[in-house]
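Trainee: One file is attached below, input_10.cif, containing mmCIF, C-alpha atoms.
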data_coords
#
loop_
_atom_site.label_atom_id
_atom_site.label_comp_id
_atom_site.auth_asym_id
_atom_site.auth_seq_id
_atom_site.Cartn_x
_atom_site.Cartn_y
_atom_site.Cartn_z
CA MET M 1 14.21 -9.64 18.54
CA LEU M 2 15.10 -7.37 21.45
CA SER M 3 18.11 -9.51 22.41
CA VAL M 4 20.33 -7.47 20.04
CA LEU M 5 19.82 -4.46 22.32
CA ARG M 6 22.15 -6.14 24.82
CA ASN M 7 24.96 -4.96 22.54
CA ARG M 8 25.74 -1.57 24.06
CA THR M 9 27.03 -0.01 20.84
CA TYR M 10 23.99 -1.08 18.88
CA LEU M 11 21.71 0.11 21.69
CA HIS M 12 23.17 3.62 21.44
CA LEU M 13 22.90 3.65 17.66
CA PHE M 14 19.34 2.32 17.70
CA ALA M 15 18.32 4.94 20.27
CA ALA M 16 19.90 7.62 18.09
CA GLN M 17 17.87 6.37 15.13
CA ILE M 18 14.64 6.40 17.15
CA VAL M 19 14.90 9.97 18.44
CA ALA M 20 16.04 11.35 15.09
CA LEU M 21 13.18 9.62 13.29
CA VAL M 22 10.56 10.87 15.75
CA GLY M 23 11.85 14.39 15.13
CA THR M 24 11.76 13.77 11.38
CA GLY M 25 8.16 12.58 11.67
CA LEU M 26 7.15 15.82 13.35
CA ALA M 27 8.83 17.71 10.51
CA THR M 28 6.95 15.64 7.90
CA VAL M 29 3.59 16.66 9.36
CA ALA M 30 4.65 20.27 9.84
CA LEU M 31 6.10 20.53 6.32
CA GLY M 32 2.85 19.31 4.78
CA LEU M 33 0.84 21.90 6.69
CA LEU M 34 3.40 24.61 5.90
CA ALA M 35 3.11 23.76 2.19
CA TYR M 36 -0.68 23.96 2.44
CA ASP M 37 -0.45 27.38 4.08
CA LEU M 38 1.97 28.65 1.41
CA ALA M 39 0.33 27.10 -1.67
CA GLY M 40 -3.21 26.00 -0.74
CA ALA M 41 -4.58 23.45 -3.23
CA ASP M 42 -1.16 23.29 -4.91
CA ALA M 43 0.42 21.89 -1.74
CA GLY M 44 0.93 18.53 -3.46
CA SER M 45 3.08 20.05 -6.19
CA VAL M 46 5.10 22.02 -3.59
CA LEU M 47 5.71 18.86 -1.56
CA GLY M 48 6.52 16.91 -4.72
CA THR M 49 9.14 19.48 -5.72
CA ALA M 50 10.59 19.70 -2.20
CA LEU M 51 10.89 15.93 -2.00
CA ALA M 52 12.42 15.80 -5.49
CA ILE M 53 15.07 18.24 -4.23
CA LYS M 54 15.58 15.95 -1.26
CA MET M 55 16.18 13.05 -3.63
CA LEU M 56 18.61 15.09 -5.74
CA ALA M 57 20.65 15.70 -2.61
CA TYR M 58 20.57 12.00 -1.75
CA VAL M 59 21.49 10.85 -5.25
CA GLY M 60 24.31 13.33 -5.72
CA ILE M 61 25.77 13.67 -2.23
CA ALA M 62 25.83 10.15 -0.75
CA PRO M 63 28.39 8.53 -3.11
CA VAL M 64 30.74 11.53 -2.96
CA VAL M 65 30.61 11.72 0.83
CA THR M 66 31.27 7.98 1.05
CA ALA M 67 34.27 8.37 -1.25
CA LEU M 68 35.70 11.02 1.09
CA ALA M 69 34.51 9.52 4.37
CA HIS M 70 37.46 7.14 4.74
CA ARG M 71 39.42 10.20 5.90
CA ILE M 72 36.83 11.18 8.54
CA PRO M 73 35.96 9.21 11.71
CA ARG M 74 32.45 7.85 11.21
CA ARG M 75 31.27 9.00 14.62
CA ARG M 76 32.38 12.56 13.88
CA LEU M 77 30.74 12.45 10.43
CA MET M 78 27.39 11.29 11.80
CA ALA M 79 27.40 13.77 14.71
CA ALA M 80 28.23 16.69 12.40
CA SER M 81 25.39 15.65 10.10
CA ASP M 82 22.96 15.61 13.02
CA LEU M 83 24.04 19.09 14.14
CA THR M 84 23.55 20.43 10.60
CA ARG M 85 20.06 18.95 10.41
CA ALA M 86 19.15 20.45 13.79
CA GLY M 87 20.25 23.89 12.58
CA VAL M 88 18.05 23.66 9.49
CA ALA M 89 15.04 22.50 11.51
CA LEU M 90 15.37 25.57 13.75
CA THR M 91 15.21 27.76 10.63
CA LEU M 92 12.08 26.26 9.03
CA PRO M 93 9.54 27.99 11.32
CA PHE M 94 10.63 31.35 9.89
CA VAL M 95 10.02 30.42 6.23
CA THR M 96 7.64 32.71 4.35
CA GLU M 97 8.32 31.77 0.70
CA VAL M 98 8.22 28.47 -1.18
CA TRP M 99 11.77 28.87 -2.54
CA GLN M 100 13.09 29.09 1.02
CA VAL M 101 11.58 25.67 1.73
CA TYR M 102 13.44 24.26 -1.27
CA VAL M 103 16.83 25.66 -0.19
CA LEU M 104 16.53 24.45 3.40
CA ILE M 105 15.33 21.01 2.35
CA PHE M 106 18.40 20.63 0.13
CA VAL M 107 20.77 21.49 2.99
CA LEU M 108 18.99 19.25 5.49
CA GLN M 109 18.86 16.27 3.14
CA SER M 110 22.50 16.71 2.08
CA ALA M 111 23.36 16.18 5.75
CA SER M 112 21.09 13.11 5.83
CA ALA M 113 22.86 11.77 2.73
CA ALA M 114 26.10 11.87 4.70
CA PHE M 115 24.61 10.34 7.86
CA THR M 116 22.44 7.44 6.68
CA PRO M 117 24.87 5.32 4.59
CA ALA M 118 27.53 5.63 7.31
CA PHE M 119 24.98 4.54 9.91
CA GLN M 120 23.72 1.61 7.80
CA SER M 121 27.19 0.31 6.92
CA VAL M 122 28.41 0.20 10.52
CA ILE M 123 25.56 -2.04 11.78
CA PRO M 124 26.82 -5.25 10.06
CA GLU M 125 30.18 -4.65 11.75
CA VAL M 126 28.57 -4.15 15.15
CA LEU M 127 26.35 -7.26 14.68
CA PRO M 128 28.18 -9.64 12.30
CA GLU M 129 26.11 -12.75 13.15
CA GLU M 130 23.30 -13.54 10.66
CA ARG M 131 20.37 -13.88 13.08
CA ALA M 132 21.39 -10.83 15.11
CA TYR M 133 21.74 -8.69 11.97
CA THR M 134 18.36 -9.88 10.63
CA ARG M 135 16.72 -8.81 13.88
CA ALA M 136 18.55 -5.51 13.81
CA LEU M 137 17.12 -4.89 10.33
CA SER M 138 13.62 -5.57 11.60
CA LEU M 139 14.21 -3.26 14.56
CA SER M 140 15.45 -0.61 12.14
CA ARG M 141 12.30 -1.03 10.06
CA LEU M 142 10.33 -0.89 13.30
CA ALA M 143 12.06 2.38 14.11
CA TYR M 144 10.88 3.85 10.81
CA ASP M 145 7.41 2.52 11.49
CA THR M 146 7.46 3.97 14.99
CA GLU M 147 8.21 7.31 13.40
CA SER M 148 5.30 6.83 10.98
CA LEU M 149 2.92 5.85 13.78
CA VAL M 150 4.04 7.60 16.96
CA SER M 151 5.15 10.89 15.40
CA PRO M 152 1.78 11.56 13.73
CA VAL M 153 -0.07 10.71 16.97
CA LEU M 154 2.29 12.98 18.90
CA ALA M 155 1.88 15.67 16.24
CA ALA M 156 -1.92 15.39 16.44
CA ALA M 157 -1.79 15.85 20.22
CA LEU M 158 0.58 18.82 19.93
CA LEU M 159 -1.46 20.47 17.18
CA ALA M 160 -4.39 20.63 19.59
CA LEU M 161 -2.24 22.87 21.82
CA ILE M 162 0.25 24.70 19.58
CA SER M 163 0.72 25.76 15.97
CA TYR M 164 2.53 23.43 13.58
CA ASN M 165 5.62 25.70 13.46
CA TRP M 166 6.53 24.50 16.95
CA LEU M 167 6.84 20.94 15.62
CA PHE M 168 10.09 21.94 13.90
CA TRP M 169 11.59 22.60 17.35
CA GLY M 170 10.83 19.00 18.24
CA THR M 171 12.68 17.96 15.08
CA ALA M 172 15.76 19.91 16.15
CA ALA M 173 15.65 18.31 19.61
CA GLY M 174 15.56 14.85 18.02
CA PHE M 175 18.66 15.52 15.90
CA LEU M 176 20.56 16.96 18.87
CA ALA M 177 19.74 13.89 20.98
CA SER M 178 20.86 11.66 18.10
CA ALA M 179 24.22 13.46 17.94
CA VAL M 180 24.78 12.89 21.68
CA LEU M 181 23.97 9.18 21.39
CA VAL M 182 26.22 8.70 18.35
CA VAL M 183 29.15 10.37 20.12
CA SER M 184 28.61 8.07 23.13
CA ALA M 185 28.77 4.88 21.01
CA ALA M 186 32.05 2.94 20.76
CA LEU M 187 32.15 2.13 17.03
CA PRO M 188 34.29 -0.74 15.70
CA LYS M 189 37.40 0.04 13.72
CA ARG M 190 37.00 0.30 9.97
CA VAL M 191 37.24 -2.93 7.99
CA ARG M 192 40.54 -3.03 6.12
CA PRO M 193 40.69 -5.42 3.16
CA GLU M 194 43.52 -7.94 3.16
CA PRO M 195 45.63 -7.87 0.01
CA VAL M 196 44.38 -10.38 -2.51
CA GLY M 197 46.70 -13.40 -2.62
CA GLN M 198 47.65 -12.98 1.07
CA GLY M 199 44.74 -14.74 2.70
CA GLY M 200 41.98 -12.20 2.09
CA PRO M 201 38.78 -13.14 0.26
CA GLU M 202 38.31 -11.78 -3.22
CA PRO M 203 35.01 -9.88 -3.41
CA PHE M 204 33.13 -9.49 -6.65
CA ARG M 205 34.75 -6.62 -8.56
CA SER M 206 34.20 -5.15 -11.98
CA LYS M 207 37.03 -5.22 -14.52
CA GLN M 208 37.63 -1.51 -13.97
CA ASP M 209 37.97 -2.01 -10.20
CA ARG M 210 40.38 -4.93 -10.63
CA ALA M 211 42.51 -2.86 -12.96
CA ARG M 212 42.49 0.13 -10.60
CA PRO M 213 41.87 -1.10 -7.04
CA GLY M 214 42.41 2.26 -5.40
CA GLY M 215 41.57 5.22 -7.57
CA GLY M 216 40.65 8.77 -6.71
CA VAL M 217 37.50 10.30 -5.32
CA LEU M 218 35.58 9.81 -8.58
CA ALA M 219 36.53 6.13 -8.85
CA ARG M 220 35.57 5.50 -5.22
CA SER M 221 32.29 7.40 -5.57
CA VAL M 222 31.10 5.18 -8.44
CA ARG M 223 32.57 1.94 -7.10
CA GLY M 224 29.46 0.95 -5.18
CA THR M 225 27.22 1.63 -8.16
CA ARG M 226 29.40 -0.58 -10.37
CA LEU M 227 29.18 -3.39 -7.85
CA PHE M 228 25.45 -2.82 -7.43
CA LEU M 229 24.70 -3.00 -11.14
CA ALA M 230 26.97 -6.00 -11.75
CA VAL M 231 24.98 -8.41 -9.52
CA PRO M 232 21.55 -9.50 -10.90
CA ARG M 233 19.82 -9.75 -7.53
CA LEU M 234 20.98 -6.24 -6.66
CA ARG M 235 19.59 -4.96 -9.94
CA ALA M 236 16.34 -6.63 -8.90
CA MET M 237 16.60 -4.77 -5.59
CA LEU M 238 16.69 -1.50 -7.51
CA ALA M 239 13.47 -2.42 -9.34
CA LEU M 240 11.82 -3.39 -6.05
CA ASP M 241 12.92 -0.09 -4.53
CA LEU M 242 11.10 1.68 -7.37
CA ALA M 243 7.87 -0.21 -6.62
CA ALA M 244 8.13 0.66 -2.91
CA ALA M 245 8.92 4.29 -3.78
CA ALA M 246 5.75 4.53 -5.87
CA ALA M 247 3.64 3.52 -2.86
CA SER M 248 5.38 5.71 -0.31
CA ALA M 249 5.40 8.72 -2.65
CA MET M 250 1.63 8.56 -3.02
CA VAL M 251 1.21 8.46 0.75
CA ILE M 252 3.74 11.11 1.69
CA VAL M 253 2.92 13.61 -1.06
CA ASN M 254 -0.86 13.29 -1.33
CA THR M 255 -2.08 12.42 2.16
CA VAL M 256 -2.63 16.07 2.99
CA VAL M 257 -4.35 16.57 -0.39
CA TYR M 258 -6.73 13.61 0.12
CA VAL M 259 -7.56 14.53 3.72
CA ARG M 260 -7.98 18.27 3.33
CA GLY M 261 -9.38 18.17 -0.23
CA PRO M 262 -11.71 15.39 -1.48
CA LEU M 263 -12.45 14.01 1.97
CA GLY M 264 -12.86 17.46 3.53
CA ARG M 265 -11.45 16.45 6.90
CA PRO M 266 -9.60 18.64 9.46
CA ALA M 267 -5.81 19.06 9.66
CA THR M 268 -5.66 16.80 12.72
CA ASP M 269 -6.66 13.84 10.49
CA VAL M 270 -3.49 14.19 8.39
CA PRO M 271 -1.27 12.56 11.05
CA ILE M 272 -3.93 9.88 11.61
CA ALA M 273 -3.74 8.85 7.95
CA LEU M 274 0.07 8.84 8.07
CA GLY M 275 -0.15 6.80 11.26
CA ALA M 276 -2.21 4.14 9.46
CA TYR M 277 0.61 3.77 6.92
CA GLY M 278 3.12 3.36 9.74
CA ALA M 279 0.93 0.85 11.57
CA GLY M 280 0.75 -1.45 8.55
CA SER M 281 4.51 -1.36 8.15
CA MET M 282 5.07 -1.96 11.85
CA VAL M 283 2.97 -5.13 11.96
CA VAL M 284 5.02 -6.63 9.12
CA ALA M 285 8.33 -5.60 10.71
CA LEU M 286 7.37 -7.39 13.93
CA LEU M 287 6.42 -10.62 12.13
CA LEU M 288 9.13 -10.72 9.48
CA PRO M 289 12.22 -12.01 11.37
CA ARG M 290 10.71 -15.46 11.92
CA VAL M 291 9.46 -15.53 8.34
CA LEU M 292 12.95 -14.74 7.03
CA ASP M 293 14.37 -17.58 9.14
CA ARG M 294 12.33 -19.97 6.98
CA LEU M 295 11.91 -18.32 3.59
CA PRO M 296 14.42 -16.76 1.18
CA ASP M 297 14.33 -13.00 0.75
CA ARG M 298 13.15 -13.33 -2.87
CA THR M 299 10.01 -15.25 -1.87
CA VAL M 300 9.05 -12.47 0.53
CA MET M 301 9.97 -9.43 -1.54
CA LEU M 302 8.78 -10.14 -5.09
CA PRO M 303 5.08 -10.77 -4.32
CA ALA M 304 4.97 -7.51 -2.38
CA ALA M 305 5.73 -5.53 -5.55
CA PHE M 306 2.68 -6.99 -7.28
CA GLY M 307 0.63 -6.35 -4.15
CA ILE M 308 1.43 -2.65 -4.57
CA VAL M 309 -0.05 -2.79 -8.09
CA GLY M 310 -3.34 -4.15 -6.75
CA LEU M 311 -3.49 -1.48 -4.06
CA PHE M 312 -3.05 1.29 -6.63
CA GLY M 313 -5.98 -0.16 -8.57
CA LEU M 314 -8.10 -0.03 -5.41
CA LEU M 315 -6.95 3.53 -4.69
CA ALA M 316 -7.86 4.66 -8.21
CA ALA M 317 -11.36 3.20 -7.78
CA LEU M 318 -11.72 4.90 -4.39
CA THR M 319 -10.61 8.24 -5.82
CA ALA M 320 -13.05 8.06 -8.73
CA ALA M 321 -15.98 7.10 -6.47
CA GLY M 322 -18.56 9.62 -5.36
CA PRO M 323 -18.78 11.26 -1.92
CA GLY M 324 -19.43 9.16 1.14
CA ALA M 325 -18.31 8.74 4.74
CA TRP M 326 -17.07 5.23 3.88
CA ARG M 327 -14.14 6.68 1.93
CA TRP M 328 -12.23 7.72 5.07
CA PRO M 329 -11.91 4.23 6.63
CA VAL M 330 -11.15 2.73 3.21
CA LEU M 331 -8.36 5.26 2.70
CA LEU M 332 -6.92 4.32 6.11
CA ALA M 333 -7.04 0.63 5.14
CA VAL M 334 -5.28 1.26 1.81
CA TRP M 335 -2.61 3.36 3.53
CA ALA M 336 -2.03 0.59 6.09
CA ALA M 337 -1.72 -1.97 3.30
CA PHE M 338 0.78 0.25 1.46
CA GLY M 339 2.85 0.33 4.64
CA ALA M 340 2.70 -3.46 4.99
CA VAL M 341 3.85 -4.33 1.45
CA GLY M 342 6.49 -1.61 1.56
CA SER M 343 7.94 -3.16 4.71
CA LEU M 344 8.06 -6.58 3.00
CA ILE M 345 10.37 -5.04 0.39
CA LEU M 346 12.47 -2.69 2.49
CA THR M 347 13.13 -4.71 5.66
CA PRO M 348 15.25 -7.50 4.08
CA THR M 349 17.27 -5.09 1.92
CA GLY M 350 20.28 -5.00 4.24
CA ARG M 351 20.49 -8.81 4.22
CA VAL M 352 20.59 -8.91 0.43
CA LEU M 353 23.27 -6.22 0.29
CA ARG M 354 25.42 -7.80 2.98
CA ASP M 355 25.25 -11.21 1.31
CA SER M 356 26.19 -9.82 -2.10
CA VAL M 357 29.61 -8.23 -1.45
CA ALA M 358 32.63 -8.69 0.79
CA ALA M 359 32.75 -6.81 4.11
CA GLU M 360 35.13 -4.08 2.96
CA GLU M 361 32.74 -3.16 0.14
CA LEU M 362 29.74 -2.61 2.43
CA PRO M 363 30.10 1.20 2.85
CA ALA M 364 30.30 1.70 -0.92
CA VAL M 365 27.38 -0.63 -1.66
CA PHE M 366 25.17 0.80 1.10
CA ALA M 367 25.89 4.29 -0.25
CA ALA M 368 25.06 3.15 -3.78
CA GLN M 369 21.81 1.57 -2.61
CA PHE M 370 20.95 4.71 -0.67
CA SER M 371 21.65 6.88 -3.71
CA LEU M 372 19.98 4.64 -6.31
CA SER M 373 16.90 3.92 -4.20
CA HIS M 374 16.39 7.61 -3.60
CA GLY M 375 16.77 8.12 -7.33
CA CYS M 376 13.56 6.07 -7.48
CA TRP M 377 11.86 8.55 -5.17
CA LEU M 378 13.26 11.35 -7.32
CA LEU M 379 11.02 9.93 -10.05
CA THR M 380 7.97 9.02 -7.99
CA TYR M 381 7.65 12.09 -5.76
CA PRO M 382 7.20 14.53 -8.68
CA LEU M 383 4.87 12.05 -10.42
CA ALA M 384 2.70 11.83 -7.32
CA GLY M 385 2.69 15.60 -6.78
CA TRP M 386 2.54 17.02 -10.28
CA LEU M 387 0.16 14.45 -11.76
CA GLY M 388 -2.11 14.78 -8.75
CA ALA M 389 -2.16 18.58 -9.08
CA THR M 390 -2.60 18.74 -12.87
CA LEU M 391 -4.46 15.60 -13.99
CA GLY M 392 -6.04 14.55 -10.71
CA LEU M 393 -5.47 11.90 -8.07
CA THR M 394 -7.01 9.12 -10.18
CA ALA M 395 -4.46 9.67 -12.95
CA ALA M 396 -1.64 9.79 -10.40
CA SER M 397 -2.78 6.44 -8.93
CA ALA M 398 -2.93 4.83 -12.38
CA ALA M 399 0.51 6.13 -13.39
CA LEU M 400 2.22 5.02 -10.18
CA GLY M 401 0.48 1.66 -10.39
CA ALA M 402 1.95 1.19 -13.88
CA VAL M 403 5.40 2.04 -12.50
CA ALA M 404 5.00 -0.59 -9.76
CA LEU M 405 3.87 -3.22 -12.29
CA ALA M 406 6.85 -2.63 -14.58
CA SER M 407 9.18 -2.72 -11.56
CA GLY M 408 7.80 -6.04 -10.36
CA VAL M 409 8.21 -7.63 -13.78
CA LEU M 410 11.81 -6.39 -14.10
CA ALA M 411 12.69 -7.64 -10.62
CA ALA M 412 11.23 -11.09 -11.28
CA ARG M 413 13.23 -11.41 -14.50
CA ALA M 414 16.52 -10.26 -12.93
CA TRP M 415 16.30 -12.29 -9.69
CA ARG M 416 15.89 -15.94 -10.61
CA ALA M 417 14.88 -18.48 -7.99
CA VAL M 418 17.34 -21.17 -6.92
CA PRO M 419 15.41 -24.50 -6.95
CA GLY M 420 15.36 -26.51 -3.75
CA THR M 421 16.68 -23.85 -1.37
CA THR M 422 15.09 -21.74 1.35
CA GLY M 423 16.29 -19.28 3.95
CA PRO M 424 20.06 -18.84 4.39
CA ALA M 425 20.74 -21.76 2.08
CA ALA M 426 19.25 -19.78 -0.76
CA VAL M 427 21.75 -17.04 -0.13
CA ALA M 428 24.65 -19.45 -0.33
CA ALA M 429 23.31 -21.09 -3.46
CA SER M 430 22.72 -17.78 -5.19
CA GLY M 431 26.19 -16.42 -5.03
CA LYS M 432 28.09 -16.14 -1.77
CA ARG M 433 30.62 -18.91 -1.12
CA GLY M 434 33.50 -18.94 1.27
CA GLY M 435 33.48 -15.18 1.83
CA ALA M 436 33.63 -14.32 -1.86
CA THR M 437 30.68 -13.06 -3.81
CA VAL M 438 29.88 -13.75 -7.44
CA PRO M 439 27.03 -12.44 -9.55
CA GLY M 440 23.72 -14.07 -8.75
#
Take the structure I supplied and represent it as structure tokens, if you would.

Mentor:
Amino acid sequence: MLSVLRNRTYLHLFAAQIVALVGTGLATVALGLLAYDLAGADAGSVLGTALAIKMLAYVGIAPVVTALAHRIPRRRLMAASDLTRAGVALTLPFVTEVWQVYVLIFVLQSASAAFTPAFQSVIPEVLPEERAYTRALSLSRLAYDTESLVSPVLAAALLALISYNWLFWGTAAGFLASAVLVVSAALPKRVRPEPVGQGGPEPFRSKQDRARPGGGVLARSVRGTRLFLAVPRLRAMLALDLAAAAASAMVIVNTVVYVRGPLGRPATDVPIALGAYGAGSMVVALLLPRVLDRLPDRTVMLPAAFGIVGLFGLLAALTAAGPGAWRWPVLLAVWAAFGAVGSLILTPTGRVLRDSVAAEELPAVFAAQFSLSHGCWLLTYPLAGWLGATLGLTAASAALGAVALASGVLAARAWRAVPGTTGPAAVAASGKRGGATVPG
């Protein structure tokens, strides 16, 4: 897996991702504790609202930025986004009102909505070979899991020495380091599509796109969404994203509520619980590349959605149970399992996207996936926070479990298996032939 790090450009980009994510992990812990200080028992609803604002920024900003980004060097765009995020992180320690949290979260996540799709879309160009890209996806998932595991452990150690407000300074340092690494990377030139009829492959396009291949900012901003919704397996991806969002929303929004409320444990146990979630995801990310060499993405991803349903049933039973010391290790086990099944869904996503459209469409489709998948979190974060605060954690578990079940059923119906194929052959049989992509 580590062989892809011999590519100097990818090494710089991967290092940038690592340091930015560690900083983000510190901010996640600090933001939860800040919300608890500002709102007490209503911290879940505050976090749910803040994260819903984050998703609004992602859903609304990413496609528009992508439509305009062809005029801006990608390295400059990503570095400017990192600098903006660092500035916001330096402001968060001085927040005294809930509304200030909401404003700053919107600004920070608008910058992330510009950075992430640009970052994701450049990796297939840096590593065009199938096996190398698959391993890069697992390393990327591993980076997110490192953030979920290492950042909480680091936060727990720091909280023993300093107040949580200082964690935001670590976040700013991570974004600044990311900007330096991005600027030092030699990115490939943008992919320019060859004119159709002059040797270039014809990607899958909607009728509107064929009639108006260029278009203005609005046409370019919705282009990726049109492509995304036109391909059945990508529609299935959207349903799977919703199932994964239900699991992660429960963990991110209500960990601090479970730990500090029903379980009555100290603040230093919040990062431990978040670390369990990251550990489960990390184990899967390490094992998955070899699995994906042998099995098609569908066989790996669909069962994970139904696994999430079972875990929500277990969580609801745990929440309704009476007091007992046994509930803490069981919660850690459920959180780790949520991380594992979430990684089964999210790690192969880039492969499915790359194999569904032509190369020149990748920025638009990655932006659409970024926007649409975060639209899923826009639904699940408020559900996790508001239902947990008003009806209780058992009701929130049941509702999110129902969302995951419906998502799994929709994904299974949209993404049909191709008999007699496994691994890369399944990709070819399900739509991509000779560089052109058709619905499948």

Trainee: On this structure, which residues satisfy the PyMOL selection byres ((chain M and resi 379-394) around 10), written as a compact mmCIF listing (two decimals) with C-alpha atoms, in the coordinates of the input?

Mentor:
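Saved result, out_17.txt, follows:
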# COMPACT_ATOMS: atom_id res chain seq x y z
CA ALA M 41 -4.58 23.45 -3.23
CA ASP M 42 -1.16 23.29 -4.91
CA ALA M 43 0.42 21.89 -1.74
CA GLY M 44 0.93 18.53 -3.46
CA SER M 45 3.08 20.05 -6.19
CA VAL M 46 5.10 22.02 -3.59
CA LEU M 47 5.71 18.86 -1.56
CA GLY M 48 6.52 16.91 -4.72
CA THR M 49 9.14 19.48 -5.72
CA ALA M 50 10.59 19.70 -2.20
CA LEU M 51 10.89 15.93 -2.00
CA ALA M 52 12.42 15.80 -5.49
CA ILE M 53 15.07 18.24 -4.23
CA LYS M 54 15.58 15.95 -1.26
CA MET M 55 16.18 13.05 -3.63
CA LEU M 242 11.10 1.68 -7.37
CA ALA M 243 7.87 -0.21 -6.62
CA ALA M 244 8.13 0.66 -2.91
CA ALA M 245 8.92 4.29 -3.78
CA ALA M 246 5.75 4.53 -5.87
CA ALA M 247 3.64 3.52 -2.86
CA SER M 248 5.38 5.71 -0.31
CA ALA M 249 5.40 8.72 -2.65
CA MET M 250 1.63 8.56 -3.02
CA VAL M 251 1.21 8.46 0.75
CA ILE M 252 3.74 11.11 1.69
CA VAL M 253 2.92 13.61 -1.06
CA ASN M 254 -0.86 13.29 -1.33
CA VAL M 257 -4.35 16.57 -0.39
CA TYR M 258 -6.73 13.61 0.12
CA PRO M 262 -11.71 15.39 -1.48
CA PHE M 312 -3.05 1.29 -6.63
CA GLY M 313 -5.98 -0.16 -8.57
CA LEU M 315 -6.95 3.53 -4.69
CA ALA M 316 -7.86 4.66 -8.21
CA ALA M 317 -11.36 3.20 -7.78
CA LEU M 318 -11.72 4.90 -4.39
CA THR M 319 -10.61 8.24 -5.82
CA ALA M 320 -13.05 8.06 -8.73
CA ALA M 321 -15.98 7.10 -6.47
CA HIS M 374 16.39 7.61 -3.60
CA GLY M 375 16.77 8.12 -7.33
CA CYS M 376 13.56 6.07 -7.48
CA TRP M 377 11.86 8.55 -5.17
CA LEU M 378 13.26 11.35 -7.32
CA ALA M 395 -4.46 9.67 -12.95
CA ALA M 396 -1.64 9.79 -10.40
CA SER M 397 -2.78 6.44 -8.93
CA ALA M 398 -2.93 4.83 -12.38
CA ALA M 399 0.51 6.13 -13.39
CA LEU M 400 2.22 5.02 -10.18
CA VAL M 403 5.40 2.04 -12.50

Trainee: Env of Ser343 of chain M: 8 Å cut, atoms = all atoms listed in the file, seq-sep filter 3 positions within chain, self excluded. Answer as a ChimeraX atom specification.

Mentor: /M:141,281-282,284-285,339-340,346-347

Trainee: Taking 5 positions as the minimum chain separation for residues in the same chain, which residues sit within 10 Å of Gly307 of chain M when counting all atoms listed in the file? Answer as JSON, numbers by chain.

Mentor: {"M": [243, 302, 312, 337, 338, 340, 341, 342, 404, 405, 408]}

Trainee: Would you compute the distance between atom CA of Ala367 of chain M and atom CA of Thr84 of chain M? Give it in Å to one decimal.

Mentor: 19.6 Å

Trainee: To verify the selection step, state as a PyMOL selection string which residues the PyMOL selection byres ((chain M and resi 57-59) around 12) yields on this input.

Mentor: chain M and resi 50-56+60-66+102-117+221-222+225+367-379

Trainee: Quick one: write out the picked residues with C-alpha atoms as a short mmCIF file (atom, residue, chain, number, x, y, z; two decimals), in the coordinates of the input?

Mentor:
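This is the output file out-v4.cif:
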data_model
loop_
_atom_site.label_atom_id
_atom_site.label_comp_id
_atom_site.auth_asym_id
_atom_site.auth_seq_id
_atom_site.Cartn_x
_atom_site.Cartn_y
_atom_site.Cartn_z
CA ALA M 50 10.59 19.70 -2.20
CA LEU M 51 10.89 15.93 -2.00
CA ALA M 52 12.42 15.80 -5.49
CA ILE M 53 15.07 18.24 -4.23
CA LYS M 54 15.58 15.95 -1.26
CA MET M 55 16.18 13.05 -3.63
CA LEU M 56 18.61 15.09 -5.74
CA GLY M 60 24.31 13.33 -5.72
CA ILE M 61 25.77 13.67 -2.23
CA ALA M 62 25.83 10.15 -0.75
CA PRO M 63 28.39 8.53 -3.11
CA VAL M 64 30.74 11.53 -2.96
CA VAL M 65 30.61 11.72 0.83
CA THR M 66 31.27 7.98 1.05
CA TYR M 102 13.44 24.26 -1.27
CA VAL M 103 16.83 25.66 -0.19
CA LEU M 104 16.53 24.45 3.40
CA ILE M 105 15.33 21.01 2.35
CA PHE M 106 18.40 20.63 0.13
CA VAL M 107 20.77 21.49 2.99
CA LEU M 108 18.99 19.25 5.49
CA GLN M 109 18.86 16.27 3.14
CA SER M 110 22.50 16.71 2.08
CA ALA M 111 23.36 16.18 5.75
CA SER M 112 21.09 13.11 5.83
CA ALA M 113 22.86 11.77 2.73
CA ALA M 114 26.10 11.87 4.70
CA PHE M 115 24.61 10.34 7.86
CA THR M 116 22.44 7.44 6.68
CA PRO M 117 24.87 5.32 4.59
CA SER M 221 32.29 7.40 -5.57
CA VAL M 222 31.10 5.18 -8.44
CA THR M 225 27.22 1.63 -8.16
CA ALA M 367 25.89 4.29 -0.25
CA ALA M 368 25.06 3.15 -3.78
CA GLN M 369 21.81 1.57 -2.61
CA PHE M 370 20.95 4.71 -0.67
CA SER M 371 21.65 6.88 -3.71
CA LEU M 372 19.98 4.64 -6.31
CA SER M 373 16.90 3.92 -4.20
CA HIS M 374 16.39 7.61 -3.60
CA GLY M 375 16.77 8.12 -7.33
CA CYS M 376 13.56 6.07 -7.48
CA TRP M 377 11.86 8.55 -5.17
CA LEU M 378 13.26 11.35 -7.32
CA LEU M 379 11.02 9.93 -10.05
#

Trainee: For each of M:Thr171, M:Thr91, M:Ser184, M:Thr268, take the minimum atom-to-atom distance to Gly25 of chain M, counting only C-alpha atoms, then give the residue where this is smallest.

Mentor: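 Using only C-alpha atoms, the shortest distance to Gly25 of chain M belongs to M:Thr171.
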
Trainee: So that I can check the surroundings of segment 71-83 of chain M, please list as a PyMOL selection string every protein, DNA and RNA residue that reaches within 7 Å of it, counting only C-alpha atoms and ignoring chain neighbours fewer than 2 positions away.

Mentor: chain M and resi 68-69+85-87+111-112+114-115+118+175-176+178-179+182-183
